[in-house]
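Undergrad: Below is final09.pdb; it holds PDB, C-alpha atoms.
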MODEL        1
ATOM      1  CA  MET Q   1       4.423 -16.380  -2.231
ATOM      2  CA  ILE Q   2       3.589 -13.120  -4.007
ATOM      3  CA  PHE Q   3       3.873  -9.738  -2.302
ATOM      4  CA  ALA Q   4       2.965  -6.225  -3.452
ATOM      5  CA  SER Q   5       3.061  -3.054  -1.379
ATOM      6  CA  ASP Q   6       1.808   0.501  -1.844
ATOM      7  CA  VAL Q   7      -0.936  -0.122  -4.401
ATOM      8  CA  HIS Q   8      -2.653   3.065  -3.119
ATOM      9  CA  GLY Q   9      -6.072   2.498  -4.613
ATOM     10  CA  SER Q  10      -4.857   1.402  -8.058
ATOM     11  CA  ASP Q  11      -7.609  -0.895  -9.257
ATOM     12  CA  ILE Q  12      -5.604  -2.225 -12.171
ATOM     13  CA  CYS Q  13      -2.658  -3.095  -9.916
ATOM     14  CA  PHE Q  14      -4.928  -5.026  -7.574
ATOM     15  CA  ARG Q  15      -6.564  -6.878 -10.453
ATOM     16  CA  LYS Q  16      -3.161  -7.717 -11.912
ATOM     17  CA  LEU Q  17      -2.166  -9.129  -8.536
ATOM     18  CA  ILE Q  18      -5.249 -11.365  -8.495
ATOM     19  CA  THR Q  19      -4.376 -12.617 -11.980
ATOM     20  CA  ALA Q  20      -0.749 -13.187 -10.975
ATOM     21  CA  CYS Q  21      -1.858 -15.384  -8.073
ATOM     22  CA  THR Q  22      -3.249 -17.998 -10.450
ATOM     23  CA  MET Q  23      -0.701 -17.402 -13.221
ATOM     24  CA  TYR Q  24       2.211 -18.145 -10.893
ATOM     25  CA  LYS Q  25       0.316 -20.776  -8.871
ATOM     26  CA  VAL Q  26       1.155 -19.174  -5.548
ATOM     27  CA  ASP Q  27       0.188 -20.529  -2.152
ATOM     28  CA  VAL Q  28       0.217 -17.180  -0.355
ATOM     29  CA  ALA Q  29      -0.565 -13.633  -1.502
ATOM     30  CA  LEU Q  30      -0.003 -10.407   0.439
ATOM     31  CA  VAL Q  31      -0.875  -6.835  -0.510
ATOM     32  CA  SER Q  32      -0.473  -3.780   1.706
ATOM     33  CA  GLU Q  33      -1.029   0.013   1.835
ATOM     34  CA  LEU Q  34      -4.356   0.009   0.084
ATOM     35  CA  THR Q  35      -6.001   3.388  -0.299
ATOM     36  CA  GLY Q  36      -5.691   6.219  -2.803
ATOM     37  CA  LYS Q  37      -4.988   9.878  -2.148
ATOM     38  CA  PHE Q  38      -6.980  11.945  -4.644
ATOM     39  CA  ILE Q  39     -10.525  12.638  -5.758
ATOM     40  CA  VAL Q  40     -11.166  13.608  -9.373
ATOM     41  CA  PRO Q  41     -14.321  15.764  -9.485
ATOM     42  CA  ILE Q  42     -16.304  15.369 -12.690
ATOM     43  CA  VAL Q  43     -18.112  18.690 -12.912
ATOM     44  CA  LYS Q  44     -21.341  19.173 -14.834
ATOM     45  CA  HIS Q  45     -21.870  22.726 -16.120
ATOM     46  CA  PRO Q  46     -25.272  24.400 -16.535
ATOM     47  CA  ASP Q  47     -25.094  23.900 -20.317
ATOM     48  CA  GLY Q  48     -24.728  20.129 -19.812
ATOM     49  CA  THR Q  49     -21.023  19.908 -20.649
ATOM     50  CA  GLN Q  50     -18.655  18.102 -18.273
ATOM     51  CA  GLU Q  51     -15.025  18.382 -17.307
ATOM     52  CA  ALA Q  52     -12.761  16.357 -15.044
ATOM     53  CA  ILE Q  53     -10.609  18.289 -12.559
ATOM     54  CA  LEU Q  54      -7.379  16.281 -12.434
ATOM     55  CA  PRO Q  55      -4.448  17.104 -10.105
ATOM     56  CA  ASP Q  56      -2.424  18.784 -12.847
ATOM     57  CA  THR Q  57      -4.913  19.545 -15.616
ATOM     58  CA  THR Q  58      -8.569  19.830 -16.603
ATOM     59  CA  ALA Q  59     -10.007  17.430 -19.182
ATOM     60  CA  LYS Q  60     -13.034  18.313 -21.284
ATOM     61  CA  ILE Q  61     -15.512  15.451 -21.614
ATOM     62  CA  LYS Q  62     -17.210  15.476 -24.996
ATOM     63  CA  SER Q  63     -18.621  11.947 -25.180
ATOM     64  CA  ASP Q  64     -19.411   8.795 -23.227
ATOM     65  CA  ALA Q  65     -16.121   7.411 -24.503
ATOM     66  CA  ASP Q  66     -14.259  10.393 -23.020
ATOM     67  CA  LEU Q  67     -16.032   9.868 -19.714
ATOM     68  CA  LYS Q  68     -15.171   6.177 -19.582
ATOM     69  CA  LYS Q  69     -11.544   6.958 -20.391
ATOM     70  CA  VAL Q  70     -11.324   9.478 -17.536
ATOM     71  CA  GLU Q  71     -12.963   7.050 -15.095
ATOM     72  CA  ASP Q  72     -10.757   4.124 -16.141
ATOM     73  CA  ASN Q  73      -7.561   6.168 -16.058
ATOM     74  CA  ALA Q  74      -8.365   7.632 -12.642
ATOM     75  CA  LYS Q  75      -9.196   4.226 -11.205
ATOM     76  CA  ALA Q  76      -6.038   2.701 -12.684
ATOM     77  CA  VAL Q  77      -3.738   5.144 -10.870
ATOM     78  CA  GLY Q  78      -5.586   5.024  -7.552
ATOM     79  CA  MET Q  79      -7.854   8.068  -7.815
ATOM     80  CA  TYR Q  80     -11.569   8.239  -7.078
ATOM     81  CA  THR Q  81     -14.082   9.938  -9.385
ATOM     82  CA  PHE Q  82     -16.917  12.009  -7.958
ATOM     83  CA  TYR Q  83     -19.798  13.539  -9.914
ATOM     84  CA  THR Q  84     -20.822  17.030  -8.933
ATOM     85  CA  THR Q  85     -22.372  20.204 -10.317
ATOM     86  CA  LEU Q  86     -20.473  23.398 -10.956
ATOM     87  CA  GLU Q  87     -22.430  25.060  -8.147
ATOM     88  CA  GLN Q  88     -21.457  22.340  -5.677
ATOM     89  CA  TYR Q  89     -17.852  22.377  -6.817
ATOM     90  CA  GLU Q  90     -17.611  26.145  -6.461
ATOM     91  CA  SER Q  91     -19.122  25.963  -2.993
ATOM     92  CA  TYR Q  92     -16.426  23.505  -1.926
ATOM     93  CA  LYS Q  93     -13.743  25.813  -3.308
ATOM     94  CA  GLU Q  94     -15.221  28.756  -1.428
ATOM     95  CA  LYS Q  95     -14.803  26.848   1.820
ATOM     96  CA  GLY Q  96     -11.057  26.621   1.414
ATOM     97  CA  GLY Q  97     -10.388  24.203  -1.408
ATOM     98  CA  TYR Q  98     -12.220  21.008  -2.215
ATOM     99  CA  LYS Q  99      -9.588  18.816  -0.545
ATOM    100  CA  ASP Q 100     -10.269  20.375   2.852
ATOM    101  CA  THR Q 101     -14.034  20.569   3.152
ATOM    102  CA  GLU Q 102     -15.985  18.352   5.504
ATOM    103  CA  GLU Q 103     -18.367  17.361   2.708
ATOM    104  CA  VAL Q 104     -15.615  16.227   0.350
ATOM    105  CA  ASN Q 105     -13.723  14.432   3.097
ATOM    106  CA  LYS Q 106     -16.893  12.452   3.730
ATOM    107  CA  ILE Q 107     -17.103  11.592   0.029
ATOM    108  CA  PHE Q 108     -13.400  10.676  -0.003
ATOM    109  CA  HIS Q 109     -13.851   8.173   2.820
ATOM    110  CA  GLU Q 110     -16.948   6.701   1.172
ATOM    111  CA  LYS Q 111     -14.938   6.149  -2.010
ATOM    112  CA  ILE Q 112     -12.143   4.469  -0.066
ATOM    113  CA  ARG Q 113     -14.634   2.162   1.625
ATOM    114  CA  GLU Q 114     -16.228   1.272  -1.703
ATOM    115  CA  ARG Q 115     -12.956   0.305  -3.375
ATOM    116  CA  VAL Q 116     -11.488  -1.717  -0.520
ATOM    117  CA  THR Q 117     -14.826  -3.524  -0.167
ATOM    118  CA  GLU Q 118     -14.816  -4.241  -3.918
ATOM    119  CA  TRP Q 119     -11.283  -5.622  -3.671
ATOM    120  CA  ALA Q 120     -12.057  -7.956  -0.778
ATOM    121  CA  LYS Q 121     -15.090  -9.265  -2.681
ATOM    122  CA  LEU Q 122     -13.068  -9.645  -5.885
ATOM    123  CA  ALA Q 123     -10.366 -11.635  -4.112
ATOM    124  CA  GLU Q 124     -12.973 -13.975  -2.684
ATOM    125  CA  GLU Q 125     -14.798 -14.287  -6.004
ATOM    126  CA  LYS Q 126     -11.650 -15.110  -7.977
ATOM    127  CA  LEU Q 127      -9.608 -17.015  -5.398
ATOM    128  CA  GLY Q 128     -12.008 -18.113  -2.659
ATOM    129  CA  ASN Q 129     -12.354 -21.623  -4.088
ATOM    130  CA  THR Q 130      -8.595 -22.106  -4.319
ATOM    131  CA  ASN Q 131      -6.120 -23.038  -1.602
ATOM    132  CA  ILE Q 132      -4.419 -19.640  -1.865
ATOM    133  CA  LYS Q 133      -4.138 -17.816   1.448
ATOM    134  CA  PHE Q 134      -4.817 -14.134   0.738
ATOM    135  CA  PHE Q 135      -3.755 -11.339   3.095
ATOM    136  CA  MET Q 136      -4.409  -7.603   2.976
ATOM    137  CA  MET Q 137      -2.805  -5.166   5.405
ATOM    138  CA  PRO Q 138      -3.311  -1.418   5.822
ATOM    139  CA  GLY Q 139      -0.244   0.824   5.701
ATOM    140  CA  ASN Q 140       0.485   4.079   7.471
ATOM    141  CA  ASP Q 141      -1.643   6.093   5.002
ATOM    142  CA  ASP Q 142      -4.721   3.909   5.583
ATOM    143  CA  TYR Q 143      -7.524   4.933   7.914
ATOM    144  CA  PHE Q 144      -8.611   2.588  10.679
ATOM    145  CA  TYR Q 145     -11.978   1.663   9.180
ATOM    146  CA  VAL Q 146     -10.024  -0.193   6.465
ATOM    147  CA  ASP Q 147      -9.327  -2.906   9.063
ATOM    148  CA  ASP Q 148     -13.052  -3.375   9.622
ATOM    149  CA  ILE Q 149     -13.652  -3.901   5.903
ATOM    150  CA  ILE Q 150     -10.938  -6.578   5.675
ATOM    151  CA  ASN Q 151     -12.070  -8.209   8.914
ATOM    152  CA  ASN Q 152     -15.604  -8.538   7.528
ATOM    153  CA  SER Q 153     -14.357 -10.726   4.678
ATOM    154  CA  SER Q 154     -14.899 -14.456   5.066
ATOM    155  CA  TYR Q 155     -11.867 -15.143   2.856
ATOM    156  CA  VAL Q 156      -9.289 -12.342   3.053
ATOM    157  CA  LYS Q 157      -7.285 -12.113   6.270
ATOM    158  CA  ASN Q 158      -5.999  -8.915   7.876
ATOM    159  CA  LEU Q 159      -2.313  -9.297   8.749
ATOM    160  CA  GLU Q 160      -2.200  -6.253  11.032
ATOM    161  CA  GLY Q 161      -0.746  -7.262  14.409
ATOM    162  CA  GLU Q 162      -1.340 -10.955  13.738
ATOM    163  CA  VAL Q 163       0.687 -14.065  13.011
ATOM    164  CA  PHE Q 164      -0.761 -16.778  10.763
ATOM    165  CA  ASP Q 165       0.322 -20.291   9.867
ATOM    166  CA  ILE Q 166       0.855 -20.416   6.110
ATOM    167  CA  ASP Q 167       1.879 -24.083   6.021
ATOM    168  CA  ASP Q 168       2.923 -26.738   8.524
ATOM    169  CA  THR Q 169       6.257 -25.024   9.127
ATOM    170  CA  HIS Q 170       6.119 -21.313   8.310
ATOM    171  CA  GLN Q 171       4.314 -18.358   9.812
ATOM    172  CA  LEU Q 172       3.610 -14.879   8.445
ATOM    173  CA  GLY Q 173       2.934 -11.780  10.518
ATOM    174  CA  GLY Q 174       3.317  -8.048  10.487
ATOM    175  CA  THR Q 175       2.178  -4.499  11.015
ATOM    176  CA  GLY Q 176       1.432  -1.511   8.809
ATOM    177  CA  TYR Q 177       2.226   1.055  11.505
ATOM    178  CA  SER Q 178       5.248   3.175  10.639
ATOM    179  CA  ASN Q 179       7.809   5.382  12.306
ATOM    180  CA  MET Q 180       6.786   9.034  12.191
ATOM    181  CA  THR Q 181       6.746  10.800   8.819
ATOM    182  CA  PRO Q 182       6.563  14.566   8.148
ATOM    183  CA  TRP Q 183       2.939  14.102   7.040
ATOM    184  CA  LYS Q 184       1.741  12.522  10.319
ATOM    185  CA  CYS Q 185      -0.310   9.843   8.604
ATOM    186  CA  PRO Q 186      -3.031   7.891  10.447
ATOM    187  CA  ARG Q 187      -0.698   5.060  11.479
ATOM    188  CA  ASP Q 188       2.483   7.031  12.104
ATOM    189  CA  ILE Q 189       3.712   6.314  15.627
ATOM    190  CA  THR Q 190       6.905   6.678  17.648
ATOM    191  CA  GLU Q 191       9.698   4.146  17.371
ATOM    192  CA  GLU Q 192       8.988   3.118  20.965
ATOM    193  CA  GLU Q 193       5.347   2.383  20.155
ATOM    194  CA  LEU Q 194       6.324   0.487  17.029
ATOM    195  CA  ALA Q 195       8.818  -1.596  19.017
ATOM    196  CA  LYS Q 196       5.994  -2.649  21.364
ATOM    197  CA  LYS Q 197       3.826  -3.720  18.447
ATOM    198  CA  LEU Q 198       6.686  -5.756  17.050
ATOM    199  CA  GLU Q 199       7.285  -7.453  20.403
ATOM    200  CA  SER Q 200       3.591  -8.358  20.490
ATOM    201  CA  ILE Q 201       4.054 -10.035  17.119
ATOM    202  CA  ALA Q 202       7.181 -11.830  18.372
ATOM    203  CA  SER Q 203       5.179 -13.311  21.249
ATOM    204  CA  GLN Q 204       2.966 -15.128  18.709
ATOM    205  CA  VAL Q 205       5.831 -16.695  16.735
ATOM    206  CA  ARG Q 206       6.721 -20.351  17.294
ATOM    207  CA  ASP Q 207      10.122 -20.367  15.593
ATOM    208  CA  MET Q 208      11.801 -17.233  14.248
ATOM    209  CA  LYS Q 209      13.886 -19.144  11.725
ATOM    210  CA  ASN Q 210      10.616 -20.058   9.992
ATOM    211  CA  PHE Q 211       8.910 -16.673  10.402
ATOM    212  CA  ILE Q 212       8.268 -14.200   7.588
ATOM    213  CA  LEU Q 213       7.983 -10.623   8.862
ATOM    214  CA  HIS Q 214       6.129  -7.929   6.942
ATOM    215  CA  THR Q 215       6.458  -4.378   8.177
ATOM    216  CA  HIS Q 216       5.333  -1.463   6.066
ATOM    217  CA  PRO Q 217       8.457   0.606   6.839
ATOM    218  CA  PRO Q 218      11.794  -0.961   5.939
ATOM    219  CA  PRO Q 219      14.589  -1.228   8.492
ATOM    220  CA  TYR Q 220      16.615   1.935   9.047
ATOM    221  CA  ASP Q 221      19.812   2.590   7.049
ATOM    222  CA  THR Q 222      19.608  -0.171   4.446
ATOM    223  CA  LYS Q 223      19.342  -0.347   0.669
ATOM    224  CA  LEU Q 224      15.563  -0.248   1.100
ATOM    225  CA  ASP Q 225      14.967   3.074   2.855
ATOM    226  CA  SER Q 226      16.779   5.903   1.024
ATOM    227  CA  ALA Q 227      14.476   8.823   0.219
ATOM    228  CA  PRO Q 228      14.943  12.481  -0.723
ATOM    229  CA  GLN Q 229      15.982  14.609   2.241
ATOM    230  CA  LEU Q 230      13.432  17.312   3.120
ATOM    231  CA  ASP Q 231      13.921  20.699   4.761
ATOM    232  CA  GLU Q 232      11.668  22.262   7.414
ATOM    233  CA  ASN Q 233       9.223  23.305   4.655
ATOM    234  CA  LEU Q 234       9.050  19.747   3.288
ATOM    235  CA  LYS Q 235      11.002  20.806   0.197
ATOM    236  CA  ILE Q 236      13.572  18.453  -1.340
ATOM    237  CA  VAL Q 237      17.164  19.341  -0.437
ATOM    238  CA  TYR Q 238      19.594  19.634  -3.362
ATOM    239  CA  LYS Q 239      23.362  19.869  -3.183
ATOM    240  CA  GLY Q 240      25.819  20.146  -6.035
ATOM    241  CA  GLY Q 241      22.982  19.786  -8.506
ATOM    242  CA  GLY Q 242      21.869  16.454  -7.043
ATOM    243  CA  THR Q 243      19.113  15.305  -4.689
ATOM    244  CA  MET Q 244      20.289  14.649  -1.142
ATOM    245  CA  LEU Q 245      19.178  11.253   0.151
ATOM    246  CA  ALA Q 246      18.680  10.132   3.733
ATOM    247  CA  PRO Q 247      17.629   6.895   5.464
ATOM    248  CA  VAL Q 248      13.982   7.128   6.561
ATOM    249  CA  GLY Q 249      13.217   3.570   7.661
ATOM    250  CA  SER Q 250      12.421   2.365  11.139
ATOM    251  CA  LYS Q 251      15.053   1.820  13.799
ATOM    252  CA  ALA Q 252      12.598  -0.359  15.726
ATOM    253  CA  VAL Q 253      12.205  -2.655  12.711
ATOM    254  CA  ARG Q 254      15.967  -2.888  12.307
ATOM    255  CA  THR Q 255      16.420  -3.709  15.998
ATOM    256  CA  PHE Q 256      13.738  -6.399  15.795
ATOM    257  CA  ILE Q 257      15.407  -8.079  12.814
ATOM    258  CA  GLU Q 258      18.866  -7.850  14.396
ATOM    259  CA  LYS Q 259      17.520  -9.392  17.603
ATOM    260  CA  TYR Q 260      15.293 -12.173  16.241
ATOM    261  CA  GLN Q 261      16.742 -12.914  12.780
ATOM    262  CA  PRO Q 262      13.506 -14.035  11.118
ATOM    263  CA  LEU Q 263      13.599 -16.102   7.942
ATOM    264  CA  LEU Q 264      12.663 -13.149   5.711
ATOM    265  CA  GLY Q 265      11.722  -9.486   5.944
ATOM    266  CA  LEU Q 266       9.206  -8.028   3.457
ATOM    267  CA  HIS Q 267       8.836  -4.246   3.370
ATOM    268  CA  GLY Q 268       7.402  -1.349   1.354
ATOM    269  CA  HIS Q 269       6.739   2.341   2.089
ATOM    270  CA  ILE Q 270       9.625   3.770   0.032
ATOM    271  CA  HIS Q 271       8.305   3.421  -3.505
ATOM    272  CA  GLU Q 272      11.563   4.230  -5.284
ATOM    273  CA  CYS Q 273      13.700   1.889  -3.174
ATOM    274  CA  LYS Q 274      13.055  -1.472  -4.804
ATOM    275  CA  GLY Q 275      15.860  -3.769  -3.772
ATOM    276  CA  VAL Q 276      17.357  -6.504  -1.641
ATOM    277  CA  ASP Q 277      19.613  -6.302   1.388
ATOM    278  CA  LYS Q 278      20.520  -8.366   4.416
ATOM    279  CA  ILE Q 279      20.624  -7.833   8.177
ATOM    280  CA  GLY Q 280      22.649 -10.625   9.718
ATOM    281  CA  LYS Q 281      21.224 -13.818   8.226
ATOM    282  CA  THR Q 282      17.875 -12.251   7.335
ATOM    283  CA  PRO Q 283      17.278 -11.217   3.717
ATOM    284  CA  ILE Q 284      15.095  -8.107   3.452
ATOM    285  CA  ILE Q 285      13.254  -7.093   0.282
ATOM    286  CA  ASN Q 286      11.244  -4.098  -0.945
ATOM    287  CA  PRO Q 287       9.411  -4.663  -4.271
ATOM    288  CA  GLY Q 288       8.959  -0.909  -4.756
ATOM    289  CA  SER Q 289       5.814   0.647  -6.183
ATOM    290  CA  GLU Q 290       4.846   2.131  -9.526
ATOM    291  CA  TYR Q 291       1.124   2.276  -8.899
ATOM    292  CA  ILE Q 292       0.913   5.851 -10.236
ATOM    293  CA  THR Q 293       1.535   4.444 -13.742
ATOM    294  CA  GLY Q 294      -0.878   1.548 -13.261
ATOM    295  CA  THR Q 295       2.086  -0.856 -13.154
ATOM    296  CA  LEU Q 296       2.110  -3.708 -10.667
ATOM    297  CA  SER Q 297       5.505  -4.044  -9.000
ATOM    298  CA  ALA Q 298       5.553  -7.280  -7.023
ATOM    299  CA  LEU Q 299       7.824  -9.921  -5.572
ATOM    300  CA  LEU Q 300       7.725 -13.691  -5.982
ATOM    301  CA  VAL Q 301       9.469 -15.704  -3.258
ATOM    302  CA  ASN Q 302      10.044 -19.442  -3.140
ATOM    303  CA  ILE Q 303      10.294 -20.926   0.348
ATOM    304  CA  ASP Q 304      10.612 -24.535   1.443
ATOM    305  CA  GLU Q 305      11.525 -26.408   4.615
ATOM    306  CA  LYS Q 306      15.176 -25.428   4.118
ATOM    307  CA  GLY Q 307      14.494 -21.692   3.879
ATOM    308  CA  VAL Q 308      14.296 -19.067   1.127
ATOM    309  CA  LYS Q 309      15.148 -20.818  -2.165
ATOM    310  CA  GLY Q 310      14.988 -17.712  -4.348
ATOM    311  CA  HIS Q 311      13.076 -14.649  -5.395
ATOM    312  CA  ARG Q 312      12.372 -12.487  -8.406
ATOM    313  CA  PHE Q 313      10.727  -9.163  -9.090
ATOM    314  CA  ILE Q 314       7.824  -9.046 -11.515
ATOM    315  CA  MET Q 315       6.299  -6.006 -13.192
ATOM    316  CA  GLY Q 316       3.314  -5.638 -15.452
TER     317      GLY Q 316
ENDMDL
END
In structure tokens, write the structure found in this file.

TA:
Amino acid sequence: MIFASDVHGSDICFRKLITACTMYKVDVALVSELTGKFIVPIVKHPDGTQEAILPDTTAKIKSDADLKKVEDNAKAVGMYTFYTTLEQYESYKEKGGYKDTEEVNKIFHEKIRERVTEWAKLAEEKLGNTNIKFFMMPGNDDYFYVDDIINNSSYVKNLEGEVFDIDDTHQLGGTGYSNMTPWKCPRDITEEELAKKLESIASQVRDMKNFILHTHPPPYDTKLDSAPQLDENLKIVYKGGGTMLAPVGSKAVRTFIEKYQPLLGLHGHIHECKGVDKIGKTPIINPGSEYITGTLSALLVNIDEKGVKGHRFIMG
């Protein structure tokens, strides 16, 4: 099995995952938290020149080669390019900043739909004639129409809230809903609500000792969920010259694993917390994420009728 989380719109990471499926001859593939966070406007000026408005800089576009480089680089790190005129761009800024306008939000969602649709089609095109079972699951950042796109695929399966047989013995199931974050993302819910979703998953499982659980948030207070502590203004807290860390995972997920002891827990959400830990007899793993550099960070797991034989992290 291969698992990658938090690809956040990175086209190159998704394509690397598709390649890895055949390279490593996997039986099951899972990718979660799918959509990007930024639009890169490519602005055309009245004199015909163009520039790309990136999050931290502005790039002049002097040739078709420059344009292709901007498009490829943006796509690789999960951003979406949008062509506009200077007049349009200025009008968006006048309305409070291009990130916040109704028009640009509409464009943003269209771009998300386009890329997730492309990915589902690519997976089917490259892997649909194989025996590989391919799963995609939205994470807490992903809007609810993402489910509809996955559900419309004749090949890719949506793991959200479901449990699937992945061989004669083992099942895989999970949810991308997360305990509340400071950013109140689309799928952030209370621990109580998350616990109910997890119990719904449990009701579909035949045998917990052969069940692989994927939750987007890791269990609370483990090696997988340490993140910088934030103050009331969402600023990182420093003490003694160092960053203060705090556990930010889900207590409901931890309780579920303590109670049911599934075969394996696969988690994401905290990009910088790649690692392995254990709750009781259940190994839990977060492959981390480096999508912002266009690097695929993924996990290979070998499982047989006796349990988890081994795992290794892959990057590329």

Undergrad: If we count all atoms listed in the file, what is near Asp64 in chain Q at a cut-off of 12 Å, once residues fewer than 6 positions away on the same chain are taken out, given as a list in words?

TA: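 So the residues in contact are Thr49, Gln50, Val70 and Glu71 of chain Q.
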
Undergrad: To verify the selection step, state as a PyMOL selection string which residues the PyMOL selection byres ((chain Q and resi 272-277) around 7) yields on this input.

TA: chain Q and resi 222-226+270-271+278+283-289

Undergrad: Determine, counting all atoms listed in the file, which protein, DNA and RNA residues have an atom within 7 Å of an atom of range 33-35 of chain Q; residues of the same chain fewer than 6 positions away are not included. Present the result as a list in words.

TA: Ser5, Asp6, Val7, His8, Gly9, Ile112, Met137, Pro138, Gly139, Asp141 and Asp142 of chain Q

Undergrad: For the residues in that selection, give me C-alpha atoms as a PDB file, in the coordinates of the input.

TA:
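See selection-v5.pdb below for the written result:
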ATOM      1  CA  SER Q   5       3.061  -3.054  -1.379  1.00  0.00           C
ATOM      2  CA  ASP Q   6       1.808   0.501  -1.844  1.00  0.00           C
ATOM      3  CA  VAL Q   7      -0.936  -0.122  -4.401  1.00  0.00           C
ATOM      4  CA  HIS Q   8      -2.653   3.065  -3.119  1.00  0.00           C
ATOM      5  CA  GLY Q   9      -6.072   2.498  -4.613  1.00  0.00           C
ATOM      6  CA  ILE Q 112     -12.143   4.469  -0.066  1.00  0.00           C
ATOM      7  CA  MET Q 137      -2.805  -5.166   5.405  1.00  0.00           C
ATOM      8  CA  PRO Q 138      -3.311  -1.418   5.822  1.00  0.00           C
ATOM      9  CA  GLY Q 139      -0.244   0.824   5.701  1.00  0.00           C
ATOM     10  CA  ASP Q 141      -1.643   6.093   5.002  1.00  0.00           C
ATOM     11  CA  ASP Q 142      -4.721   3.909   5.583  1.00  0.00           C
TER      12      ASP Q 142
END

Undergrad: What would the selection look like, as a list in words, if the PyMOL selection byres ((chain Q and resi 54) around 10) were run on the coordinates I just shared?

TA: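 For this structure, the PyMOL selection byres ((chain Q and resi 54) around 10) captures Phe38, Ile39, Val40, Pro41, Ile42, Glu51, Ala52, Ile53, Pro55, Asp56, Thr57, Thr58, Ala59, Val70, Ala74, Met79 and Thr81 of chain Q.
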
Undergrad: Write the residues of the selection above to a file with C-alpha atoms, as a CSV table (one decimal), in the frame of the given file.

TA:
chain,number,residue,atom,x,y,z
Q,38,PHE,CA,-7.0,11.9,-4.6
Q,39,ILE,CA,-10.5,12.6,-5.8
Q,40,VAL,CA,-11.2,13.6,-9.4
Q,41,PRO,CA,-14.3,15.8,-9.5
Q,42,ILE,CA,-16.3,15.4,-12.7
Q,51,GLU,CA,-15.0,18.4,-17.3
Q,52,ALA,CA,-12.8,16.4,-15.0
Q,53,ILE,CA,-10.6,18.3,-12.6
Q,55,PRO,CA,-4.4,17.1,-10.1
Q,56,ASP,CA,-2.4,18.8,-12.8
Q,57,THR,CA,-4.9,19.5,-15.6
Q,58,THR,CA,-8.6,19.8,-16.6
Q,59,ALA,CA,-10.0,17.4,-19.2
Q,70,VAL,CA,-11.3,9.5,-17.5
Q,74,ALA,CA,-8.4,7.6,-12.6
Q,79,MET,CA,-7.9,8.1,-7.8
Q,81,THR,CA,-14.1,9.9,-9.4

Undergrad: With distances taken over only C-alpha atoms, which residue among Q:Lys69, Q:Lys25, Q:Lys306, Q:Lys62 lies nearest Ile132 in chain Q?

TA: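 Ranking Q:Lys69, Q:Lys25, Q:Lys306, Q:Lys62 by distance to Ile132 in chain Q, first place goes to Q:Lys25.
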
Undergrad: The residues within 8 Å of (9.1, -15.3, 6.9), using all atoms listed in the file and the coordinates of the file, should be reported as a PyMOL selection string; which are they?

TA: chain Q and resi 170-173+209-214+262-265

Undergrad: Near Ile149 in chain Q, counting only C-alpha atoms, which residues have an atom at most 9 Å away, once you skip same-chain residues fewer than 3 positions from it, shown as a compact mmCIF listing (two decimals) with C-alpha atoms, in the frame of the given file?

TA:
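part.txt, written as the output of this step:
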# COMPACT_ATOMS: atom_id res chain seq x y z
CA ARG Q 113 -14.63 2.16 1.62
CA VAL Q 116 -11.49 -1.72 -0.52
CA THR Q 117 -14.83 -3.52 -0.17
CA ALA Q 120 -12.06 -7.96 -0.78
CA TYR Q 145 -11.98 1.66 9.18
CA VAL Q 146 -10.02 -0.19 6.46
CA ASN Q 152 -15.60 -8.54 7.53
CA SER Q 153 -14.36 -10.73 4.68

Undergrad: Contacts of Arg115 in chain Q at 10 Å or less, counting only C-alpha atoms, minus same-chain residues fewer than 6 places along, as a ChimeraX atom specification?

TA: /Q:9-11,34-36,75,78,80,121

Undergrad: Take the selection from the previous step and output its residues with C-alpha atoms, as a CSV table (one decimal), keeping the file's coordinate frame.

TA:
chain,number,residue,atom,x,y,z
Q,9,GLY,CA,-6.1,2.5,-4.6
Q,10,SER,CA,-4.9,1.4,-8.1
Q,11,ASP,CA,-7.6,-0.9,-9.3
Q,34,LEU,CA,-4.4,0.0,0.1
Q,35,THR,CA,-6.0,3.4,-0.3
Q,36,GLY,CA,-5.7,6.2,-2.8
Q,75,LYS,CA,-9.2,4.2,-11.2
Q,78,GLY,CA,-5.6,5.0,-7.6
Q,80,TYR,CA,-11.6,8.2,-7.1
Q,121,LYS,CA,-15.1,-9.3,-2.7

Undergrad: Restricting the calculation to all atoms listed in the file: of Q:Leu300, Q:Ala246, Q:Val77, Q:Leu230, which residue gets closest to Met23 in chain Q?

TA: Q:Leu300

Undergrad: Assuming the chain letters and numbering stay as they are in my file, what does the PyMOL selection byres ((chain Q and resi 14) around 10) actually select? List them as a PyMOL selection string.

TA: chain Q and resi 4+7-13+15-20+31+34+76+119+122-123+291+294-296

Undergrad: Just give me the gap between CA of Val26 in chain Q and CA of Arg206 in chain Q in Å, one decimal is fine.

TA: 23.5 Å

Undergrad: Set the distance at 7 Å and use all atoms listed in the file: which residues neighbour range 215-217 of chain Q once local chain neighbours fewer than 2 positions away are removed? I'd like the list as a list in words.

TA: Gly139, Gly174, Thr175, Gly176, Tyr177, Ser178, Leu213, Pro219, Gly249, Ser250, Leu266, His267, Gly268 and His269 of chain Q

Undergrad: For the selection you just gave me, I'd like the residues written to a file as a short mmCIF file (atom, residue, chain, number, x, y, z; two decimals), in the frame of the given file, keeping C-alpha atoms.

TA:
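Printed below is result-v4.cif as written:
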data_model
loop_
_atom_site.label_atom_id
_atom_site.label_comp_id
_atom_site.auth_asym_id
_atom_site.auth_seq_id
_atom_site.Cartn_x
_atom_site.Cartn_y
_atom_site.Cartn_z
CA GLY Q 139 -0.24 0.82 5.70
CA GLY Q 174 3.32 -8.05 10.49
CA THR Q 175 2.18 -4.50 11.02
CA GLY Q 176 1.43 -1.51 8.81
CA TYR Q 177 2.23 1.06 11.50
CA SER Q 178 5.25 3.18 10.64
CA LEU Q 213 7.98 -10.62 8.86
CA PRO Q 219 14.59 -1.23 8.49
CA GLY Q 249 13.22 3.57 7.66
CA SER Q 250 12.42 2.37 11.14
CA LEU Q 266 9.21 -8.03 3.46
CA HIS Q 267 8.84 -4.25 3.37
CA GLY Q 268 7.40 -1.35 1.35
CA HIS Q 269 6.74 2.34 2.09
#
